[in-house]
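Trainee: Take a look at start-v8.pdb, PDB, C-alpha atoms and all ligand atoms:
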```pdb
ATOM      1  CA  MET F   1     -57.328-103.918 -45.763
ATOM      2  CA  VAL F   2     -54.202-102.752 -43.931
ATOM      3  CA  GLU F   3     -54.620-100.747 -40.760
ATOM      4  CA  ASN F   4     -53.741 -97.041 -40.997
ATOM      5  CA  GLN F   5     -50.543 -96.900 -38.923
ATOM      6  CA  GLU F   6     -49.646 -93.224 -39.317
ATOM      7  CA  LYS F   7     -52.136 -90.478 -38.571
ATOM      8  CA  ASN F   8     -52.517 -86.927 -39.785
ATOM      9  CA  ILE F   9     -50.368 -87.037 -42.917
ATOM     10  CA  GLU F  10     -51.233 -83.755 -44.549
ATOM     11  CA  SER F  11     -49.338 -84.258 -47.812
ATOM     12  CA  LYS F  12     -51.033 -86.126 -50.598
ATOM     13  CA  VAL F  13     -49.635 -89.609 -51.228
ATOM     14  CA  ALA F  14     -48.993 -90.883 -54.766
ATOM     15  CA  ILE F  15     -47.825 -94.185 -56.207
ATOM     16  CA  VAL F  16     -46.110 -94.076 -59.600
ATOM     17  CA  THR F  17     -45.414 -97.414 -61.252
ATOM     18  CA  GLY F  18     -42.276 -97.639 -63.369
ATOM     19  CA  GLY F  19     -40.883 -94.485 -61.785
ATOM     20  CA  SER F  20     -37.207 -95.329 -62.202
ATOM     21  CA  ARG F  21     -36.683 -94.081 -65.761
ATOM     22  CA  GLY F  22     -38.173 -92.054 -68.612
ATOM     23  CA  ILE F  23     -41.669 -90.617 -68.254
ATOM     24  CA  GLY F  24     -42.243 -92.239 -64.860
ATOM     25  CA  ALA F  25     -39.102 -90.678 -63.349
ATOM     26  CA  SER F  26     -40.251 -87.258 -64.554
ATOM     27  CA  ILE F  27     -43.727 -87.788 -63.046
ATOM     28  CA  VAL F  28     -42.186 -88.846 -59.721
ATOM     29  CA  LYS F  29     -40.022 -85.712 -59.558
ATOM     30  CA  LYS F  30     -42.833 -83.393 -60.667
ATOM     31  CA  LEU F  31     -45.174 -84.713 -57.972
ATOM     32  CA  ALA F  32     -42.472 -84.580 -55.294
ATOM     33  CA  GLN F  33     -41.643 -80.975 -56.245
ATOM     34  CA  ASN F  34     -45.326 -80.168 -55.844
ATOM     35  CA  GLY F  35     -45.632 -81.451 -52.313
ATOM     36  CA  TYR F  36     -46.661 -85.083 -52.807
ATOM     37  CA  ILE F  37     -45.173 -87.968 -50.888
ATOM     38  CA  VAL F  38     -44.305 -90.300 -53.757
ATOM     39  CA  VAL F  39     -43.822 -94.051 -53.688
ATOM     40  CA  LEU F  40     -41.587 -94.754 -56.678
ATOM     41  CA  ASN F  41     -42.102 -98.292 -57.933
ATOM     42  CA  TYR F  42     -39.289 -99.829 -59.946
ATOM     43  CA  ASN F  43     -38.484-103.302 -61.184
ATOM     44  CA  LYS F  44     -34.967-103.689 -62.592
ATOM     45  CA  SER F  45     -33.479-100.183 -62.384
ATOM     46  CA  GLU F  46     -32.598-100.086 -58.695
ATOM     47  CA  LYS F  47     -29.615 -97.753 -59.150
ATOM     48  CA  GLU F  48     -31.693 -95.152 -61.016
ATOM     49  CA  ALA F  49     -34.537 -95.439 -58.480
ATOM     50  CA  LYS F  50     -32.198 -94.944 -55.508
ATOM     51  CA  GLU F  51     -30.545 -91.945 -57.189
ATOM     52  CA  ILE F  52     -33.914 -90.209 -57.504
ATOM     53  CA  GLU F  53     -34.928 -91.219 -53.974
ATOM     54  CA  ASN F  54     -31.703 -89.818 -52.523
ATOM     55  CA  LYS F  55     -32.281 -86.378 -54.032
ATOM     56  CA  PHE F  56     -35.637 -85.879 -52.263
ATOM     57  CA  ASP F  57     -36.861 -86.456 -48.724
ATOM     58  CA  ASN F  58     -40.418 -87.189 -49.887
ATOM     59  CA  ILE F  59     -39.707 -90.015 -52.364
ATOM     60  CA  TYR F  60     -39.697 -93.667 -51.244
ATOM     61  CA  SER F  61     -38.632 -96.361 -53.693
ATOM     62  CA  TYR F  62     -40.190 -99.828 -53.699
ATOM     63  CA  GLU F  63     -39.181-102.759 -55.875
ATOM     64  CA  ALA F  64     -42.029-104.737 -57.416
ATOM     65  CA  ASP F  65     -42.684-106.472 -60.698
ATOM     66  CA  ILE F  66     -45.962-104.814 -61.517
ATOM     67  CA  SER F  67     -47.078-107.726 -63.688
ATOM     68  CA  ASN F  68     -47.211-109.906 -60.557
ATOM     69  CA  TYR F  69     -50.345-109.531 -58.405
ATOM     70  CA  ASP F  70     -48.639-110.565 -55.153
ATOM     71  CA  GLU F  71     -45.861-108.018 -55.690
ATOM     72  CA  VAL F  72     -48.460-105.315 -56.422
ATOM     73  CA  LYS F  73     -50.179-106.176 -53.133
ATOM     74  CA  GLY F  74     -46.792-105.720 -51.433
ATOM     75  CA  LEU F  75     -46.433-102.260 -52.994
ATOM     76  CA  ILE F  76     -49.892-101.155 -51.846
ATOM     77  CA  ASP F  77     -49.431-102.639 -48.345
ATOM     78  CA  PHE F  78     -46.069-100.827 -48.034
ATOM     79  CA  THR F  79     -47.728 -97.508 -48.915
ATOM     80  CA  ILE F  80     -50.730 -97.955 -46.642
ATOM     81  CA  ASN F  81     -48.595 -99.203 -43.737
ATOM     82  CA  LYS F  82     -46.305 -96.193 -44.026
ATOM     83  CA  PHE F  83     -48.692 -93.390 -44.916
ATOM     84  CA  GLY F  84     -52.209 -94.678 -44.274
ATOM     85  CA  LYS F  85     -53.710 -93.485 -47.550
ATOM     86  CA  ILE F  86     -53.257 -93.243 -51.319
ATOM     87  CA  ASP F  87     -54.540 -90.087 -53.014
ATOM     88  CA  LEU F  88     -53.138 -90.666 -56.492
ATOM     89  CA  LEU F  89     -52.202 -93.750 -58.497
ATOM     90  CA  VAL F  90     -50.282 -93.305 -61.747
ATOM     91  CA  ASN F  91     -50.151 -96.492 -63.817
ATOM     92  CA  ASN F  92     -47.117 -95.668 -65.925
ATOM     93  CA  ALA F  93     -44.961 -98.832 -66.126
ATOM     94  CA  GLY F  94     -44.919-100.318 -69.578
ATOM     95  CA  ILE F  95     -42.955-102.266 -72.160
ATOM     96  CA  ASP F  96     -43.061-102.243 -75.931
ATOM     97  CA  LEU F  97     -42.879-105.109 -78.424
ATOM     98  CA  VAL F  98     -42.138-104.416 -82.080
ATOM     99  CA  LYS F  99     -42.925-107.616 -83.994
ATOM    100  CA  THR F 100     -45.255-108.867 -86.689
ATOM    101  CA  ILE F 101     -48.173-110.949 -85.474
ATOM    102  CA  ASN F 102     -46.553-114.077 -86.914
ATOM    103  CA  ASP F 103     -43.314-113.462 -85.038
ATOM    104  CA  THR F 104     -45.089-112.660 -81.769
ATOM    105  CA  LYS F 105     -44.798-115.608 -79.401
ATOM    106  CA  ILE F 106     -47.691-116.429 -77.081
ATOM    107  CA  GLU F 107     -45.527-115.732 -74.031
ATOM    108  CA  GLU F 108     -44.439-112.358 -75.474
ATOM    109  CA  PHE F 109     -48.070-111.322 -75.987
ATOM    110  CA  ASP F 110     -48.827-112.451 -72.417
ATOM    111  CA  LYS F 111     -45.885-110.448 -71.043
ATOM    112  CA  VAL F 112     -46.950-107.205 -72.752
ATOM    113  CA  LEU F 113     -50.552-107.602 -71.600
ATOM    114  CA  LYS F 114     -49.505-108.532 -68.051
ATOM    115  CA  THR F 115     -47.053-105.612 -67.760
ATOM    116  CA  ASN F 116     -49.122-102.898 -69.432
ATOM    117  CA  LEU F 117     -52.744-103.870 -68.724
ATOM    118  CA  TYR F 118     -53.145-106.521 -66.002
ATOM    119  CA  SER F 119     -50.804-104.407 -63.857
ATOM    120  CA  ALA F 120     -53.283-101.507 -63.940
ATOM    121  CA  PHE F 121     -56.102-103.893 -63.010
ATOM    122  CA  TYR F 122     -54.036-105.205 -60.081
ATOM    123  CA  THR F 123     -53.079-101.749 -58.778
ATOM    124  CA  SER F 124     -56.523-100.202 -59.340
ATOM    125  CA  LYS F 125     -58.234-103.176 -57.669
ATOM    126  CA  GLU F 126     -56.051-102.841 -54.567
ATOM    127  CA  VAL F 127     -55.949 -99.031 -54.396
ATOM    128  CA  SER F 128     -59.606 -98.321 -55.157
ATOM    129  CA  LYS F 129     -60.830 -99.916 -51.933
ATOM    130  CA  TYR F 130     -58.884 -97.336 -49.909
ATOM    131  CA  MET F 131     -60.004 -94.519 -52.198
ATOM    132  CA  ILE F 132     -63.651 -95.610 -51.950
ATOM    133  CA  ASN F 133     -63.279 -95.662 -48.184
ATOM    134  CA  ASN F 134     -61.912 -92.090 -48.270
ATOM    135  CA  LYS F 135     -64.484 -90.958 -50.861
ATOM    136  CA  SER F 136     -61.583 -89.388 -52.730
ATOM    137  CA  GLY F 137     -58.834 -90.348 -55.165
ATOM    138  CA  LYS F 138     -57.433 -90.126 -58.644
ATOM    139  CA  ILE F 139     -56.156 -92.768 -61.034
ATOM    140  CA  ILE F 140     -54.164 -91.793 -64.119
ATOM    141  CA  ASN F 141     -53.311 -94.404 -66.738
ATOM    142  CA  ILE F 142     -50.474 -93.711 -69.180
ATOM    143  CA  SER F 143     -51.736 -95.254 -72.401
ATOM    144  CA  SER F 144     -50.555 -94.350 -75.935
ATOM    145  CA  ILE F 145     -51.513 -92.950 -79.297
ATOM    146  CA  TRP F 146     -51.262 -96.558 -80.520
ATOM    147  CA  GLY F 147     -54.162 -97.609 -78.325
ATOM    148  CA  ILE F 148     -56.279 -95.089 -80.240
ATOM    149  CA  ILE F 149     -55.154 -95.579 -83.837
ATOM    150  CA  GLY F 150     -53.210 -98.875 -83.718
ATOM    151  CA  ALA F 151     -49.559 -99.346 -84.663
ATOM    152  CA  SER F 152     -48.376-101.664 -87.394
ATOM    153  CA  CYS F 153     -46.163-104.441 -85.980
ATOM    154  CA  GLU F 154     -47.045-103.418 -82.415
ATOM    155  CA  MET F 155     -50.324-105.288 -82.028
ATOM    156  CA  ALA F 156     -49.791-106.534 -78.471
ATOM    157  CA  TYR F 157     -48.741-103.050 -77.321
ATOM    158  CA  SER F 158     -51.663-101.357 -79.113
ATOM    159  CA  VAL F 159     -54.147-103.843 -77.615
ATOM    160  CA  SER F 160     -52.754-103.295 -74.122
ATOM    161  CA  LYS F 161     -53.089 -99.519 -74.428
ATOM    162  CA  ALA F 162     -56.596 -99.640 -75.917
ATOM    163  CA  GLY F 163     -57.504-101.872 -72.980
ATOM    164  CA  LEU F 164     -56.148 -99.259 -70.577
ATOM    165  CA  ASP F 165     -58.334 -96.564 -72.147
ATOM    166  CA  ALA F 166     -61.375 -98.840 -71.826
ATOM    167  CA  MET F 167     -60.448 -99.454 -68.180
ATOM    168  CA  THR F 168     -60.260 -95.687 -67.674
ATOM    169  CA  LYS F 169     -63.770 -95.099 -69.030
ATOM    170  CA  SER F 170     -65.305 -98.064 -67.228
ATOM    171  CA  LEU F 171     -63.749 -97.214 -63.851
ATOM    172  CA  ALA F 172     -64.615 -93.524 -64.268
ATOM    173  CA  LYS F 173     -68.279 -94.560 -64.360
ATOM    174  CA  GLU F 174     -67.975 -97.125 -61.571
ATOM    175  CA  LEU F 175     -65.898 -95.000 -59.193
ATOM    176  CA  GLY F 176     -67.280 -91.526 -60.002
ATOM    177  CA  PRO F 177     -69.995 -91.762 -57.330
ATOM    178  CA  SER F 178     -67.183 -92.333 -54.809
ATOM    179  CA  ASN F 179     -65.534 -89.061 -55.938
ATOM    180  CA  ILE F 180     -62.689 -90.872 -57.708
ATOM    181  CA  GLN F 181     -61.555 -89.461 -61.058
ATOM    182  CA  VAL F 182     -59.988 -91.840 -63.583
ATOM    183  CA  ASN F 183     -58.274 -90.556 -66.726
ATOM    184  CA  SER F 184     -55.780 -91.640 -69.355
ATOM    185  CA  ILE F 185     -52.900 -89.705 -70.830
ATOM    186  CA  ALA F 186     -52.070 -90.975 -74.316
ATOM    187  CA  PRO F 187     -48.613 -89.722 -75.335
ATOM    188  CA  GLY F 188     -47.447 -89.661 -78.941
ATOM    189  CA  ILE F 189     -43.692 -90.038 -79.277
ATOM    190  CA  ILE F 190     -41.668 -89.008 -76.234
ATOM    191  CA  ASP F 191     -37.880 -88.944 -76.003
ATOM    192  CA  THR F 192     -37.063 -91.953 -73.758
ATOM    193  CA  ASP F 193     -35.262 -95.308 -73.881
ATOM    194  CA  MET F 194     -38.445 -96.854 -75.282
ATOM    195  CA  ASN F 195     -37.721 -95.206 -78.646
ATOM    196  CA  LYS F 196     -33.993 -95.952 -78.719
ATOM    197  CA  PHE F 197     -34.547 -98.495 -81.490
ATOM    198  CA  LEU F 198     -35.676 -95.809 -83.961
ATOM    199  CA  THR F 199     -33.095 -94.663 -86.519
ATOM    200  CA  LYS F 200     -32.400 -90.956 -87.137
ATOM    201  CA  GLU F 201     -34.284 -91.243 -90.435
ATOM    202  CA  GLU F 202     -37.291 -92.894 -88.778
ATOM    203  CA  LYS F 203     -37.414 -90.109 -86.178
ATOM    204  CA  GLU F 204     -37.222 -87.453 -88.894
ATOM    205  CA  GLN F 205     -40.076 -89.146 -90.746
ATOM    206  CA  ILE F 206     -42.220 -89.113 -87.607
ATOM    207  CA  ILE F 207     -41.367 -85.469 -86.869
ATOM    208  CA  SER F 208     -42.452 -84.525 -90.396
ATOM    209  CA  GLU F 209     -45.949 -85.817 -89.498
ATOM    210  CA  ILE F 210     -46.207 -83.833 -86.234
ATOM    211  CA  PRO F 211     -47.704 -80.313 -86.536
ATOM    212  CA  LEU F 212     -45.555 -79.030 -83.641
ATOM    213  CA  GLU F 213     -42.491 -80.373 -85.506
ATOM    214  CA  HIS F 214     -40.712 -82.052 -82.622
ATOM    215  CA  ILE F 215     -40.725 -85.123 -80.425
ATOM    216  CA  GLY F 216     -42.212 -84.641 -76.954
ATOM    217  CA  ASN F 217     -40.202 -84.688 -73.761
ATOM    218  CA  VAL F 218     -40.942 -86.380 -70.475
ATOM    219  CA  GLU F 219     -41.943 -83.093 -68.836
ATOM    220  CA  ASP F 220     -44.803 -82.693 -71.313
ATOM    221  CA  VAL F 221     -46.396 -85.830 -69.873
ATOM    222  CA  ALA F 222     -45.487 -85.039 -66.243
ATOM    223  CA  ASP F 223     -47.111 -81.585 -66.579
ATOM    224  CA  CYS F 224     -50.318 -83.244 -67.778
ATOM    225  CA  VAL F 225     -50.239 -85.670 -64.830
ATOM    226  CA  LEU F 226     -49.986 -82.730 -62.422
ATOM    227  CA  PHE F 227     -52.844 -80.968 -64.227
ATOM    228  CA  LEU F 228     -55.094 -84.042 -63.907
ATOM    229  CA  ALA F 229     -53.999 -84.586 -60.319
ATOM    230  CA  ASN F 230     -55.386 -81.108 -59.538
ATOM    231  CA  ALA F 231     -58.535 -81.356 -61.684
ATOM    232  CA  GLU F 232     -61.776 -82.107 -59.861
ATOM    233  CA  TYR F 233     -64.320 -82.227 -62.715
ATOM    234  CA  ILE F 234     -62.543 -84.246 -65.387
ATOM    235  CA  THR F 235     -63.045 -88.010 -65.538
ATOM    236  CA  GLY F 236     -63.151 -90.806 -68.110
ATOM    237  CA  GLN F 237     -61.048 -88.825 -70.582
ATOM    238  CA  VAL F 238     -58.121 -89.783 -72.789
ATOM    239  CA  ILE F 239     -55.898 -86.685 -72.970
ATOM    240  CA  GLN F 240     -53.591 -86.830 -75.963
ATOM    241  CA  VAL F 241     -50.101 -85.368 -75.500
ATOM    242  CA  ASN F 242     -48.706 -85.781 -78.987
ATOM    243  CA  GLY F 243     -47.983 -82.421 -80.644
ATOM    244  CA  GLY F 244     -51.047 -82.913 -82.837
ATOM    245  CA  TRP F 245     -49.625 -86.047 -84.504
ATOM    246  CA  ASN F 246     -52.997 -87.662 -85.225
ATOM    247  CA  ILE F 247     -55.191 -84.692 -86.099
TER     248      ILE F 247
HETATM  249  P1  LIG F 301     -39.026 -96.500 -70.477
HETATM  250  O1  LIG F 301     -38.097 -95.346 -70.535
HETATM  251  O2  LIG F 301     -38.684 -97.757 -71.206
HETATM  252  O3  LIG F 301     -39.304 -96.829 -68.938
HETATM  253  C1  LIG F 301     -40.175 -97.876 -68.607
HETATM  254  C2  LIG F 301     -40.412 -97.871 -67.117
HETATM  255  O4  LIG F 301     -41.354 -98.944 -66.853
HETATM  256  C3  LIG F 301     -39.157 -98.147 -66.323
HETATM  257  O5  LIG F 301     -39.148 -97.330 -65.159
HETATM  258  C4  LIG F 301     -39.312 -99.617 -65.933
HETATM  259  O6  LIG F 301     -38.755 -99.926 -64.667
HETATM  260  C5  LIG F 301     -40.824 -99.740 -65.816
HETATM  261  N1  LIG F 301     -41.244-101.141 -65.932
HETATM  262  C6  LIG F 301     -41.215-101.950 -67.011
HETATM  263  N2  LIG F 301     -41.652-103.187 -66.683
HETATM  264  C7  LIG F 301     -41.973-103.137 -65.352
HETATM  265  C8  LIG F 301     -42.471-104.080 -64.431
HETATM  266  N3  LIG F 301     -42.738-105.352 -64.786
HETATM  267  N4  LIG F 301     -42.693-103.694 -63.162
HETATM  268  C9  LIG F 301     -42.419-102.408 -62.764
HETATM  269  N5  LIG F 301     -41.929-101.478 -63.600
HETATM  270  C10 LIG F 301     -41.717-101.833 -64.874
HETATM  271  O7  LIG F 301     -40.462 -96.108 -71.022
HETATM  272  P2  LIG F 301     -41.191 -94.683 -71.126
HETATM  273  O8  LIG F 301     -41.019 -94.197 -72.507
HETATM  274  O9  LIG F 301     -40.827 -93.830 -69.980
HETATM  275  O10 LIG F 301     -42.705 -95.166 -71.001
HETATM  276  C11 LIG F 301     -43.492 -94.961 -69.838
HETATM  277  C12 LIG F 301     -44.946 -95.239 -70.197
HETATM  278  O11 LIG F 301     -45.355 -94.341 -71.229
HETATM  279  C13 LIG F 301     -45.175 -96.642 -70.743
HETATM  280  O12 LIG F 301     -46.397 -97.154 -70.273
HETATM  281  C14 LIG F 301     -45.228 -96.421 -72.240
HETATM  282  O13 LIG F 301     -45.979 -97.415 -72.891
HETATM  283  C15 LIG F 301     -45.908 -95.076 -72.292
HETATM  284  N6  LIG F 301     -45.687 -94.369 -73.557
HETATM  285  C16 LIG F 301     -44.423 -94.003 -73.943
HETATM  286  C17 LIG F 301     -44.244 -93.346 -75.158
HETATM  287  C18 LIG F 301     -42.900 -92.908 -75.646
HETATM  288  O14 LIG F 301     -42.807 -92.451 -76.807
HETATM  289  N7  LIG F 301     -41.841 -93.001 -74.857
HETATM  290  C19 LIG F 301     -45.344 -93.075 -75.969
HETATM  291  C20 LIG F 301     -46.601 -93.467 -75.552
HETATM  292  C21 LIG F 301     -46.758 -94.105 -74.346
HETATM  293  P3  LIG F 301     -37.333-100.701 -64.475
HETATM  294  O15 LIG F 301     -36.363-100.090 -65.446
HETATM  295  O16 LIG F 301     -37.005-100.427 -63.029
HETATM  296  O17 LIG F 301     -37.577-102.159 -64.723
END
```
Represent the structure from my file as structure tokens, please.
Mentor:
Amino acid sequence: MVENQEKNIESKVAIVTGGSRGIGASIVKKLAQNGYIVVLNYNKSEKEAKEIENKFDNIYSYEADISNYDEVKGLIDFTINKFGKIDLLVNNAGIDLVKTINDTKIEEFDKVLKTNLYSAFYTSKEVSKYMINNKSGKIINISSIWGIIGASCEMAYSVSKAGLDAMTKSLAKELGPSNIQVNSIAPGIIDTDMNKFLTKEEKEQIISEIPLEHIGNVEDVADCVLFLANAEYITGQVIQVNGGWNI
């Protein structure tokens, strides 16, 4: 465990993985606007990460490939060395893979699982020891509607997200006695780069199945993160932010 080098930091400290773009960038900004010190993890999008960092004095960017355990340890050590504590971990980084099972290569399956699921194991493993020590903390996993109902031709992705929800429930039980709340947010379809591959017609088809008749935006998810970050008696839940798509 890294020694606490800075004392008396009153602000809460959050780590958001994959905070450079899309939903993660919105979560980073929302938390920063609400008084958190935020460590914004990014992998490839350095320019985007630095742009966000430069607009706030309470956001600190840190490059790490979240699918690599040693790099995750670097991210956690950076945060503890600088701020001495971690109050909130948001496991947001993720990649998609749209392929039939026959076309899915072993290494592609591995990459999706490592990026979306192993990453949350790595971060939670490293962060929870500090949270247990503090008898306080929150972990929020960004999963997906596909982890709940399964997506055709997105088996690896669906498996990774179902695994995240299982991790949420398991850790909620294990860490609850240490006053650590663990929850998932399962978005439906949110307007980000991840859905760029969809045609206009495909989007219209999806919208026709959503009772609220529109695709979600990144703020919808960020608002839910802030809600859970403030909630003291909610744990082990999978909160669906999907406009009612699967009811
Ligand atoms: P996005 O726009 O494609 O952004 C993905 C983010 O993940 C980027 O910031 C990217 O960072 C980061 N990332 C990817 N691989 C990484 C790695 N190895 N290490 C560190 N960071 C990594 O995706 P999004 O739509 O915002 O999705 C965010 C999360 O929400 C994902 O977990 C996704 O599965 C989930 N989700 C999204 C939707 C949706 O409709 N958009 C629906 C359900 C769930 P760099 O660019 O810096 O590499």
Trainee: Tell me which protein, DNA and RNA residues are within 6 Å of stretch 12-28 of chain F, counting all atoms listed in the file, leaving out same-chain ones fewer than 6 positions away, and put them as a PyMOL selection string.
Mentor: chain F and resi 36-42+48-49+86-93+192+218+222
Trainee: Restricted to C-alpha atoms, what would the selected residues look like written as a compact mmCIF listing (two decimals), in the frame of the given file?
Mentor:
```txt
# COMPACT_ATOMS: atom_id res chain seq x y z
CA TYR F 36 -46.66 -85.08 -52.81
CA ILE F 37 -45.17 -87.97 -50.89
CA VAL F 38 -44.30 -90.30 -53.76
CA VAL F 39 -43.82 -94.05 -53.69
CA LEU F 40 -41.59 -94.75 -56.68
CA ASN F 41 -42.10 -98.29 -57.93
CA TYR F 42 -39.29 -99.83 -59.95
CA GLU F 48 -31.69 -95.15 -61.02
CA ALA F 49 -34.54 -95.44 -58.48
CA ILE F 86 -53.26 -93.24 -51.32
CA ASP F 87 -54.54 -90.09 -53.01
CA LEU F 88 -53.14 -90.67 -56.49
CA LEU F 89 -52.20 -93.75 -58.50
CA VAL F 90 -50.28 -93.30 -61.75
CA ASN F 91 -50.15 -96.49 -63.82
CA ASN F 92 -47.12 -95.67 -65.92
CA ALA F 93 -44.96 -98.83 -66.13
CA THR F 192 -37.06 -91.95 -73.76
CA VAL F 218 -40.94 -86.38 -70.47
CA ALA F 222 -45.49 -85.04 -66.24
```
Trainee: With all atoms listed in the file as the basis for distance, which of F:Val72, F:Met194, F:Ala162, F:Ala120 is at the shortest distance from ligand LIG 301 (chain F)?
Mentor: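 Of F:Val72, F:Met194, F:Ala162, F:Ala120, the one nearest ligand LIG 301 (chain F), counting all atoms listed in the file, is F:Met194.
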Trainee: Find the axis-aligned box for ligand LIG 301 (chain F), covering all its listed atoms and adding 8 Å on each side, and write its centre and edge lengths in Å to one decimal as JSON.
Mentor:
```
{"center_x": -41.6, "center_y": -98.9, "center_z": -69.8, "size_x": 26.4, "size_y": 28.9, "size_z": 30.0}
```
Trainee: What gap, in Å, lies between atom CA of F:Ile247 and atom CA of F:Glu209?
Mentor: 9.9 Å
Trainee: List the residues matched by the PyMOL selection byres (((chain F and resi 164) around 9) and not hetatm) in the displayed structure as a PyMOL selection string, ordered by chain and then by residue number.
Mentor: chain F and resi 116-117+120-121+141-143+147+159-163+165-169+184
Trainee: Using all atoms listed in the file, can you list as a ChimeraX atom specification the residues within 10 Å of (-52.1, -98.4, -52.0)?
Mentor: /F:1-2,13-15,39,72-81,83-89,123-131
Trainee: Expanded to explicit residues, what is the PyMOL selection byres (((chain F and resi 44) around 9) and not hetatm) for this file, as a list in words?
Mentor: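 On this input, the PyMOL selection byres (((chain F and resi 44) around 9) and not hetatm) captures Ser20, Tyr42, Asn43, Ser45, Glu46, Lys47, Glu63, Ala64 and Asp65 of chain F.
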Trainee: So how far away is atom CA of F:Ile59 from atom CA of F:Ile132, in Å?
Mentor: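 Distance between the two atoms: 24.6 Å.
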Trainee: Looking at all atoms listed in the file, which of F:Asn134, F:Glu219, F:His214, F:Phe197 is the one that sits closest to F:Ser178?
Mentor: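 Looking only at the distances to F:Ser178, the closest residue turns out to be F:Asn134.
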Trainee: Just checking: using all atoms listed in the file, which residue out of F:Leu198, F:Val225, F:Ile66, F:Ile239 ends up closest to ligand LIG 301 (chain F)?
Mentor: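 Answer, going by the shortest atom-to-atom distance: F:Ile66.
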Trainee: Can you measure atom CA of F:Ser152 to atom CA of F:Ile206 for me? One decimal in Å is fine.
Mentor: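 Answer for the atom CA of F:Ser152 to atom CA of F:Ile206 separation: 14.0 Å.
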